[in-house]
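Working notes, beginning with the structure itself.
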Amino acid sequence: MTTIRLTNSTTRKKEDFVPIDPGNVRMYVCGPTVYDRAHLGNARPVIVFDVLYRLLRHVYGPDHVTYVRNFTDVDDKINAEALRRQKAGASGTLEDLIHERTEETIAWYHADMDALGALRPSAEPRATEYIGQMVAMTAALIARGNAYEANGHVLFRVRSYAEYGRLSGRSVDDMIAGARVEVAPFKEDPMDFVLWKPSSGEEPGWPSPWGRGRPGWHIECSAMAQELLGESFDIHGGGLDLQFPHHENEIAQSACAHPHGDFAHYWLHNEMLQVEGKKMSKSLGNFFTVRDLLDRGVDGEVIRLVFLRTNYRRPMDWTEEAKREAIGHLITWNRLKRHHLSDDERLFTGAGADPAVVAALADDLNTHDALKIIYELASKVEVSGALEKDSSLALRLFESLALLGLSRLDPHHQARRIAIAKGFALAVELPKLQSKMEALRTSAQESKDFTAVDALKTALIAAGVEVRMSKAGVELVPGPDFDPAKLEALQ
RNA sequence: GGCGGGUUGGCGGAGAGGUUACGCAGCGGAUUGCAAAUCCGUGAAGACCGGUUCGAUUCCGGUACCCGCCUCCA
């Protein structure tokens, strides 16, 4: 069996991955707070841990991996949006409006992440469905002396957990020395964090031994991981920005509430995303969502491929250049697929992936190296010629791509969908133009007068259509800037 | 201020103490009505200063610069 090696944030070393139970490998990843569309940075952990999920399924079997990713649907940003809608005249209670907002956001999230080729996790628990477990865990922490009630809040007593700071390599004393935050006066210690806080009438709340209130942010992951994966499980993932304080606090809560468990054995953190070399932020004006890209005709697999070029532990840069290169590769693979497979609709599962690709992924998710092997494989398929359809080499190539979550291999798919949505009957009109082009070209090749052909070609290109001519014929592919209106004159 | 990470050829971006990374772009050639695609070939690197070593881009130390987190932003 393939040995997977992963860089464990706890030890800062690459370690052999040994699951607690190979029959049920368990992974928890921090999911989104559902208050708005996912931005491009949100997509990184989704893609990174989707690759890991696929690898684990490949190695241990699809039925032997449990992947939990939560939805945080208790949050002040959600409350603020619901309150804004209510004040704007929306009907329903605040709870209704909050529910409406989170349901809407979750649907968006699913649509956007599906477009990126990410598999749905085994379970996607919502924080609001586990309030009871959070209350129980909070009560247990109080009973054990790890938490205390103060001023309507319940706070975790950081000093009661000696290991606090181990994951993120910080010492409590250093942090206090360098702290720049105002400390709530009712805290015993500046580092103590909230497990439960009171809710006002304008905020969602649940009954608890400490009055009507809502959970702090960190407790939800501890409670849901415990409920769905047990006191000890294999992998916990998330963005590097969550390492402190979120993951540190999760560990403290879980370790103290379940002293016999050891929570997550391997902690994985993905580095952050940048855009053209800069942090993505609203103030820099380079902030955009996954949906923004999709709406501009950038296919989900293009986005995915750009992400896979960079190791998950390195900062990743989204650039126009990277996007262009990714499109180029997908075009190549798409051509190979059409030339080397007997059936375009054939479904690949990744089961027959090249062992070298599996080995690259098993080496701490080296997607970049996996792609290198795929480039070489593609080159071999290219040279081998198209005579033999479904050759083992070609099948291995597409199985390998499928393992990386790349299976449609059509960078224009999204643009085409948009074109269709714009009302252009693509299926009818483009083939018509294609036949016309072919006819013109055939006669031009005899007469040696190519002016008509070139005129049509120029017009097509101006309308955002890619024109590919080969001995086999003419192919018209609408690109991202495809504008059907410009084609009307040509018919 | 505290903690962590990074610095590789024109650009992106890996692995390995000694042997071609790879991709994109470039250049030369083949093919092509033109173009695209494809094929063959090709140049180019390891921030700086020391140390360990027969040998370092790869290990150790220092310097400079960059970045992230410390603020319920993935």
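Residue numbering restarts at 1 in every chain; chains get A, B, ... in the order shown in the structure tokens, and ligands count up from 1 in that same order.
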Check your understanding: Would you list which chain B residues are within 9 Å of chain A using only C-alpha atoms (C1' of nucleotides), as an MDAnalysis selection string?
Key -> chainID B and resid 1:6 11:15 21:24 32:39 67:74
Could you list, as a VMD selection string, every residue within 6 Å of region 154-166 of chain A, counting only C-alpha atoms (C1' of nucleotides) and ignoring same-chain residues fewer than 4 positions away?
chain A and resid 146 to 149 170 to 171 192 to 196
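Computed from the coordinates, the CA of Arg346 (chain A) to CA of Leu476 (chain A) distance equals 22.8 Å.
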Residue with the minimum atom-to-atom distance to Arg126 (chain A), picked from A:Val59, A:Leu305, A:Leu83, A:Cys221 with only C-alpha atoms counted, is A:Cys221
- prompt: Which polymer residues have any atom within 12 Å of an atom of U42 (chain B), counting only C-alpha atoms (C1' of nucleotides), with same-chain residues fewer than 4 positions away left out, as a list of chain:residue names?
  reply: B:G26, B:C27, B:G28, B:G29
* To do: Mind checking which residues fall within 8 Å of U8 (chain B), counting only C-alpha atoms (C1' of nucleotides), ignoring those fewer than 3 positions away in the same chain, and posting them as an MDAnalysis selection string?
  => chainID B and resid 45:46 57
Atom pair CA of Lys436 (chain A) + CA of Ala419 (chain A), distance 20.7 Å
DSSP-assigned strand (DSSP E or B) among region 145-336 of chain A, expressed as a PyMOL selection string: chain A and resi 147-150+153-156+193-198+206+213-215+232-239+263-270+273-275+278-279+289+316-318
With N, CA and C atoms retained, write the just-selected residues as a CSV table (one decimal), in the first residue's frame.
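Below you can see part17.csv, which holds the result:
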```
chain,number,residue,atom,x,y,z
A,147,ALA,N,-12.9,26.1,32.5
A,147,ALA,CA,-13.6,27.2,32.1
A,147,ALA,C,-14.3,27.9,33.2
A,148,TYR,N,-14.7,29.1,33.1
A,148,TYR,CA,-15.4,29.8,34.2
A,148,TYR,C,-16.5,30.8,33.6
A,149,GLU,N,-17.5,31.0,34.4
A,149,GLU,CA,-18.5,32.0,34.0
A,149,GLU,C,-18.2,33.3,34.5
A,150,ALA,N,-18.3,34.4,33.7
A,150,ALA,CA,-18.0,35.7,34.2
A,150,ALA,C,-18.8,36.7,33.3
A,153,HIS,N,-20.7,35.6,30.3
A,153,HIS,CA,-19.9,34.8,29.4
A,153,HIS,C,-19.4,33.6,30.0
A,154,VAL,N,-19.0,32.6,29.2
A,154,VAL,CA,-18.2,31.5,29.7
A,154,VAL,C,-16.9,31.6,29.0
A,155,LEU,N,-15.8,31.6,29.7
A,155,LEU,CA,-14.5,31.7,29.1
A,155,LEU,C,-13.6,30.5,29.4
A,156,PHE,N,-12.8,30.2,28.4
A,156,PHE,CA,-11.8,29.1,28.6
A,156,PHE,C,-10.6,29.6,29.4
A,193,PHE,N,-10.4,32.9,26.2
A,193,PHE,CA,-11.3,33.1,25.0
A,193,PHE,C,-12.7,32.6,25.3
A,194,VAL,N,-13.6,33.1,24.5
A,194,VAL,CA,-15.0,32.9,24.8
A,194,VAL,C,-15.5,31.6,24.3
A,195,LEU,N,-16.2,30.9,25.2
A,195,LEU,CA,-16.9,29.6,24.8
A,195,LEU,C,-18.4,29.9,24.6
A,196,TRP,N,-18.9,30.8,25.3
A,196,TRP,CA,-20.4,31.1,25.3
A,196,TRP,C,-20.5,32.6,25.6
A,197,LYS,N,-21.4,33.3,24.8
A,197,LYS,CA,-21.6,34.7,25.1
A,197,LYS,C,-23.1,35.0,25.1
A,198,PRO,N,-23.5,36.0,25.8
A,198,PRO,CA,-25.0,36.3,25.9
A,198,PRO,C,-25.4,37.0,24.6
A,206,TRP,N,-29.7,30.8,22.0
A,206,TRP,CA,-30.3,29.5,22.5
A,206,TRP,C,-30.2,29.5,24.0
A,213,GLY,N,-28.0,32.7,24.9
A,213,GLY,CA,-26.8,33.2,24.3
A,213,GLY,C,-26.4,32.4,23.1
A,214,ARG,N,-25.2,32.5,22.7
A,214,ARG,CA,-24.7,31.8,21.5
A,214,ARG,C,-23.2,31.4,21.7
A,215,PRO,N,-22.8,30.4,21.0
A,215,PRO,CA,-21.4,29.9,21.2
A,215,PRO,C,-20.4,30.8,20.7
A,232,SER,N,-10.7,11.0,19.0
A,232,SER,CA,-9.4,11.0,18.3
A,232,SER,C,-9.7,10.7,16.8
A,233,PHE,N,-9.1,11.5,16.0
A,233,PHE,CA,-9.2,11.2,14.6
A,233,PHE,C,-7.9,11.5,13.9
A,234,ASP,N,-7.9,11.4,12.5
A,234,ASP,CA,-6.6,11.4,11.9
A,234,ASP,C,-6.1,12.8,11.5
A,235,ILE,N,-6.9,13.5,10.7
A,235,ILE,CA,-6.4,14.7,10.1
A,235,ILE,C,-7.3,15.9,10.4
A,236,HIS,N,-6.7,17.0,10.7
A,236,HIS,CA,-7.4,18.3,10.8
A,236,HIS,C,-6.8,19.3,9.9
A,237,GLY,N,-7.6,19.9,9.0
A,237,GLY,CA,-7.0,20.8,8.1
A,237,GLY,C,-7.7,22.2,8.1
A,238,GLY,N,-7.0,23.1,7.5
A,238,GLY,CA,-7.6,24.5,7.4
A,238,GLY,C,-6.5,25.4,6.9
A,239,GLY,N,-6.9,26.7,6.7
A,239,GLY,CA,-6.0,27.7,6.3
A,239,GLY,C,-5.0,28.1,7.4
A,263,PHE,N,-7.6,14.0,20.0
A,263,PHE,CA,-8.0,14.9,19.0
A,263,PHE,C,-7.4,14.6,17.7
A,264,ALA,N,-6.8,15.6,16.9
A,264,ALA,CA,-6.3,15.3,15.6
A,264,ALA,C,-4.8,14.8,15.7
A,265,HIS,N,-4.5,13.8,15.0
A,265,HIS,CA,-3.1,13.3,14.9
A,265,HIS,C,-2.2,14.1,14.0
A,266,TYR,N,-2.8,14.6,12.9
A,266,TYR,CA,-2.0,15.3,11.9
A,266,TYR,C,-2.7,16.6,11.6
A,267,TRP,N,-2.0,17.7,11.8
A,267,TRP,CA,-2.6,19.0,11.5
A,267,TRP,C,-2.0,19.5,10.2
A,268,LEU,N,-2.8,19.9,9.2
A,268,LEU,CA,-2.3,20.4,7.9
A,268,LEU,C,-2.9,21.8,7.7
A,269,HIS,N,-2.0,22.7,7.3
A,269,HIS,CA,-2.4,24.1,7.0
A,269,HIS,C,-1.9,24.5,5.6
A,270,ASN,N,-2.9,25.0,4.9
A,270,ASN,CA,-2.5,25.5,3.5
A,270,ASN,C,-2.2,27.0,3.7
A,273,LEU,N,-3.6,32.8,-0.3
A,273,LEU,CA,-3.6,33.1,-1.7
A,273,LEU,C,-3.3,34.6,-1.9
A,274,GLN,N,-2.6,34.9,-3.0
A,274,GLN,CA,-2.4,36.3,-3.4
A,274,GLN,C,-2.9,36.5,-4.8
A,275,VAL,N,-3.0,37.8,-5.1
A,275,VAL,CA,-3.5,38.1,-6.5
A,275,VAL,C,-2.4,39.1,-7.1
A,278,LYS,N,0.0,40.3,-4.6
A,278,LYS,CA,-0.5,41.1,-3.4
A,278,LYS,C,-1.6,40.4,-2.7
A,279,LYS,N,-1.7,40.6,-1.4
A,279,LYS,CA,-2.8,40.0,-0.7
A,279,LYS,C,-4.1,40.5,-1.3
A,289,THR,N,-14.7,37.0,-6.1
A,289,THR,CA,-15.2,35.7,-5.7
A,289,THR,C,-15.0,34.7,-6.8
A,316,MET,N,0.3,31.1,-2.8
A,316,MET,CA,0.0,30.9,-4.2
A,316,MET,C,-0.5,32.2,-4.8
A,317,ASP,N,-0.1,32.5,-6.0
A,317,ASP,CA,-0.4,33.7,-6.7
A,317,ASP,C,-1.4,33.5,-7.8
A,318,TRP,N,-2.5,34.1,-7.8
A,318,TRP,CA,-3.4,34.1,-8.9
A,318,TRP,C,-3.0,35.2,-9.9
```
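The interatomic distance for the pair CA of Val453 (chain A) and CA of Arg338 (chain A) works out to 25.6 Å.
Nearest to Glu220 (chain A) of all the residues A:Ser208, A:Asn249, A:Ser391, A:Ser384 is A:Asn249, counting only C-alpha atoms.
Residue neighbourhood of C60 (chain B), excluding near-sequence residues (fewer than 4 positions): B:G50, B:G51, B:U52, B:U53, B:A56, at 12 Å, using only C-alpha atoms (C1' of nucleotides).
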Excluding A64 (chain B) and residues on its chain fewer than 2 positions from it, collect all residues at most 12 Å away from it, counting only C-alpha atoms (C1' of nucleotides), and give them as a short mmCIF file (atom, residue, chain, number, x, y, z; two decimals) with N, CA and C atoms (P, O5', C5', C4', C3', O3' and C1' of nucleotides), in the first residue's frame.
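Written out: around-v8.cif:
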```
data_model
loop_
_atom_site.label_atom_id
_atom_site.label_comp_id
_atom_site.auth_asym_id
_atom_site.auth_seq_id
_atom_site.Cartn_x
_atom_site.Cartn_y
_atom_site.Cartn_z
P U B 7 12.66 29.90 -1.00
"O5'" U B 7 13.17 31.29 -1.60
"C5'" U B 7 12.43 31.95 -2.66
"C4'" U B 7 13.05 33.32 -2.85
"C3'" U B 7 14.45 33.28 -3.48
"O3'" U B 7 14.48 34.04 -4.69
"C1'" U B 7 14.41 34.54 -1.42
P A B 47 20.04 32.15 -3.96
"O5'" A B 47 20.19 33.74 -3.87
"C5'" A B 47 19.93 34.55 -5.00
"C4'" A B 47 20.18 35.97 -4.59
"C3'" A B 47 21.51 36.15 -3.86
"O3'" A B 47 22.54 36.43 -4.79
"C1'" A B 47 19.75 37.09 -2.58
P C B 48 24.00 35.75 -4.57
"O5'" C B 48 24.59 36.58 -3.35
"C5'" C B 48 24.83 37.98 -3.48
"C4'" C B 48 25.21 38.56 -2.14
"C3'" C B 48 26.32 37.81 -1.41
"O3'" C B 48 27.60 38.20 -1.87
"C1'" C B 48 24.54 38.22 0.09
P C B 49 28.80 37.15 -1.82
"O5'" C B 49 29.11 37.09 -0.25
"C5'" C B 49 29.56 38.27 0.42
"C4'" C B 49 29.78 37.95 1.88
"C3'" C B 49 30.58 36.68 2.15
"O3'" C B 49 31.97 36.91 2.00
"C1'" C B 49 28.70 36.75 3.58
P G B 62 21.84 32.62 13.36
"O5'" G B 62 22.61 33.80 12.62
"C5'" G B 62 23.55 34.60 13.33
"C4'" G B 62 24.29 35.50 12.38
"C3'" G B 62 23.44 36.51 11.61
"O3'" G B 62 23.14 37.66 12.38
"C1'" G B 62 24.93 35.45 10.13
P C B 66 11.44 45.13 2.39
"O5'" C B 66 10.66 43.84 1.90
"C5'" C B 66 10.33 43.68 0.52
"C4'" C B 66 9.71 42.32 0.31
"C3'" C B 66 8.50 42.00 1.17
"O3'" C B 66 7.32 42.60 0.67
"C1'" C B 66 9.96 40.15 1.17
#
```
In terms of only C-alpha atoms, the residue from A:Ile418, A:Ala351, A:Val68, A:Ala462 at minimal distance from Gly230 (chain A) is A:Val68
